[in-house]
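To start, the structure itself, in structure tokens.
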Amino acid sequence: MDTLAKLQILSGAARYDASCASSGSKREGPSCGTGNTSSSGICHSWSDDGRCISLLKILLSNDCIYDCAYCVNRATNAVERASFTAREVIDLTLDFYRRNYIEGLFLSSAVMQSPDYTMEQMVRVAEALRTEEQFGGYIHMKIIPGSSSELVRKAGLYADRISVNIELPSQASLQRLAPQKHKQAILEPMALIGRHIAASLCERKTNRRAPRFAPAGQSTQMIIGASPETDFQILRLSQGLYKKINLKRVYYSAYVPVTADNRLPVLAAPPLLREHRLYQADWLLRFYGFSAEEILSDDSPHLDESFDPKTAWALRHPEFFPVEINRADYAALLRVPGIGVLSARRIVAARRFSLITPEGLKKIGVVLKRAKYFITCQGRLFEKSDQTPALIRQRLLPGESSQTAVSSLPKQLVLPGLLA
Amino acid sequence: MNSYLYDGSADGLLSAIAWILEEEPDPERVTLQERKNTLFEEGFTIGTDATLAEFLFFRLKQSAPDAAHTLYSFMLAEKEAMETTLLHYVSLAFKHGSKVNGYLTHPAVRDIVNIAKKAQRELHRMKGLLRFEKLQDGAYLAKMEPDYNIIHPLAYHFSLRLRAQHWFLYDVKRRTAARWNNGSLQFGTIEQFTAPALFEDEKRVQALWQAFYKTIAIPDRKNPRLQKSNMPMKYWKYLIEKQGE
């Protein structure tokens, strides 16, 4: 099989992995080699699904011994199998990098023979790129659950970012849909990586030449809508990962039906809106000072589909509003629907110079569409003061004006076999 | 309210601003524009002094590094008829230091910062969207048509990245070029451009990239609107993966 045919099979098999970040690592390239990394990350193209392409995202092989129900590469699925040689991956990476098609390599793989065997092949590619080819670009490597801690350590030394995919957010779902995977085999390497990263950062404080361990951090991915977990369970899991092992990011990927299996839900289309709301809530956890318990509770464990999670929170907490633009601190500004990190920073910077007037607020670029119901500016309300939360809710409901696309998106359907 | 004129060059603009900041008690009440030599033009012409221009930039870098960066990005945009606004911005920058960029309620700051941001955005985009083609002699060539004159910072970016390669950048609209070879970076203009022959293997690598580009998209999630908002169609002309669309 030629490289082109392999590339088609093995990039097609890798496309369901959501992570594409190339940020968080700043490395000067080797003087006689190719490539460096930029801390902001650089996107090189956008594919037809609108997602950015920054890395050459491929599997080393799709020849899997596991039989996970949700996965297109599972052992019992009749797809064409292919495996790259290390040389092919290295040549592709360098050929693409030299023409500025990509920012680096994203290498994952199906489990061939055993986790250790697979991981070893992957580490070999990264090692050759770094040492033989003097490649200084970005490398993101997947850790195969169940591979030895020595291989995990090696991977972290060559890669900028490493990630272990959780895939399904609970042990019960793993058992049902991916019987060969175990929660422990996933969480253990994650914790190990977390410790390695912390130790390396610590060491580099005293020794500038100490080796860096996954300088762009660790991430993971969960499939949304293939199993019955609630949004609350998912968010709490993410929150724990962010707090306890300092994860950089959790990616959520709406389940795309790739195989017919009676253990899986029947979906008319991928639950894109649910994925979108989870990302919004995830941002609230990481950048807005919210906790999962503030966003959801056991009584209402699912995110509201018609409102973003911050607006939903604001409508439940009328006692917090209105917020005065000229006085409120940064943390309070961030809680106003429609005001994000950028707007909040601009407000704080601009009011050092003068009081912000309602016109000034518009001029510095704050979008008032949602915010106007929740703020005062120099003591003045933007909307009539007698508005009840119910009335505001009515006004903010999508559908009437621009956001028609939202309501037409498919909703999560019933999961057959799960309710019984 | 005094009006001043300058010769229209970048050095002329900066040295005029330096002169006004030195001589005028209240620069915010002064206007500055390019001399067009028309009949009824009014104002005092300030001569161009390259050292004065350089010194202004140096001083701004010392007292307000963020504003110096904004000024540099603004100059990339080659905007006309904004001299007075720029003068007011620089004057404010010396008064407030780097935090002047937060003074967005001031019209001069807002206009300059917005234009600088657009130039920076295009520079960042081109770092990703530029495409090199390997030529017969082993060198790499990238053509582009950016809105702003970003060839200098862009070439600097690639000089750190593709160090071991011999490459050219060519701005088709402005007919300017950059060349990197053996650790030195040069800039120049190109009067006549003839397309050089490609490396024999080049079409194969391009076909690989096109195939990757196609298969990496998830068919169930097609979203052309999002794609175009991230990657405006004006950049598609030189994208290998978008040829023939």
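Order determines the names: the first chain of the structure tokens is A, the second B, and so forth; residues in each chain are numbered 1 upward, and ligands are numbered 1 upward as they are shown.
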Closest-contact table, chain B side, partner chain A, 7 Å, counting only C-alpha atoms, as a tab-separated table:
residue	atom	partner	partner_atom	distance
B:Gly102	CA	A:Ala349	CA	4.8
B:Tyr103	CA	A:Ala350	CA	4.9
B:Leu104	CA	A:Ile364	CA	5.4
B:Thr105	CA	A:Gly360	CA	5.6
B:Gly128	CA	A:His44	CA	4.0
B:Leu129	CA	A:His44	CA	5.3
B:Leu130	CA	A:Asn100	CA	6.6
B:Arg131	CA	A:Asn100	CA	5.6
B:Phe132	CA	A:Arg99	CA	4.4
B:Glu133	CA	A:Arg99	CA	6.3
B:Arg161	CA	A:Gly35	CA	4.6
B:Leu162	CA	A:Thr34	CA	5.5
B:Arg163	CA	A:Thr34	CA	6.5
B:Ala164	CA	A:Cys32	CA	5.6
B:Leu208	CA	A:Leu4	CA	5.9
B:Ala211	CA	A:Gln8	CA	6.5
B:Phe212	CA	A:Gln8	CA	6.3
B:Tyr213	CA	A:Ser47	CA	6.5
B:Thr215	CA	A:Gly12	CA	5.1
B:Ile216	CA	A:Arg15	CA	5.1
B:Ala217	CA	A:Asp49	CA	5.5
B:Ile218	CA	A:Asp49	CA	6.1
B:Arg221	CA	A:Asp49	CA	5.3
B:Lys222	CA	A:Asp49	CA	4.1
B:Asn223	CA	A:Asp49	CA	4.6
B:Pro224	CA	A:Asp48	CA	5.9
B:Leu226	CA	A:Gly50	CA	4.9
B:Gln227	CA	A:Gly50	CA	4.0
B:Met231	CA	A:Trp46	CA	6.6
Report task. Pick out the residues sitting within 12 Å of Asp49 of chain B, and hand them over as a list in words; count only C-alpha atoms, and ignore anything fewer than 3 positions along from it in its own chain. Result ->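 Within the cut-off, the hits are Tyr6, Asp7, Ser9, Ala10, Asp11, Gly12, Leu13, Leu14, Ser15, Ala16, Ile17, Ala18, Trp19, Ile46, Leu52, Ala53, Glu54, Phe55 and Leu56 of chain B.
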Query raised in the report: Quick one: distance from atom CA of Ile186 of chain A to atom CA of Glu80 of chain A in Å, one decimal?
Result: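 Calculated distance between atom CA of Ile186 of chain A and atom CA of Glu80 of chain A is 27.7 Å.
The interatomic distance for the pair atom CA of Asp67 of chain A and atom CA of Arg263 of chain A works out to 12.6 Å.
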Report summary line: re atom CA of Gln218 of chain A and atom CA of Glu275 of chain A: distance 20.6 Å
Requested in this report: Just the strand (DSSP E) stuff from segment 37-282 of chain A, please, per backbone DSSP, written as a ChimeraX atom specification.
Outcome: /A:45-46,52-53,55-59,104-108,138-142,161-163,218-224,249-254
Report summary line: For Asp298 of chain A, the closest of A:Pro318, A:Ser148, A:Asp231, A:Tyr252 counting only C-alpha atoms is A:Asp231
Report task. Excluding Ala86 of chain A and any residue of its chain fewer than 6 positions from it, enumerate the residues within 12 Å of it, using only C-alpha atoms, and give them as a VMD selection string. Result -> chain A and resid 3 59 to 61 92 to 93 107 120 to 129
Report task. Fewer than 6 positions away in the same chain doesn't count, so skip those; otherwise give me all residues within 10 Å of segment 279-290 of chain A, counting only C-alpha atoms, as a PyMOL selection string. Result -> chain A and resi 231+234-236+238-239+242-243+248-253+273+296+303+308-310+330-335+340-341
Query raised in the report: Can you tell me, as a list in words, what residues are no more than 10 Å from Ala159 of chain A when counting only C-alpha atoms, ignoring any on the same chain fewer than 5 positions away?
Result: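 My reading of the contact set: Leu105, Phe106, Leu107, Val123, Ala126, Glu127, Arg130, Gly137, Tyr138, Ile139, His140, Met141, Lys142, Lys154, Arg212, Phe213, Ala214, Pro215, Ala216 and Gly217 of chain A.
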Query raised in the report: Taking the backbone alone, and naming residues the way the document does, which bits of segment 79-110 of chain A are alpha helix (DSSP H) by DSSP, as a list in words?
Result: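 Taking segment 79-110 of chain A and keeping alpha helix (DSSP H) only, one gets Ala86, Arg87, Glu88, Val89, Ile90, Asp91, Leu92, Thr93, Leu94, Asp95, Phe96, Tyr97 and Arg98 of chain A.
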Requested in this report: With a distance cut-off of 7 Å and only C-alpha atoms, select the neighbouring residues of segment 147-152 of chain B, excluding the residue or stretch itself and same-chain residues fewer than 4 positions from it, and output the selection as a list in words.
Outcome: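 Answer for this query is Leu76, Ala77, Ala119, Leu123 and Tyr156 of chain B.
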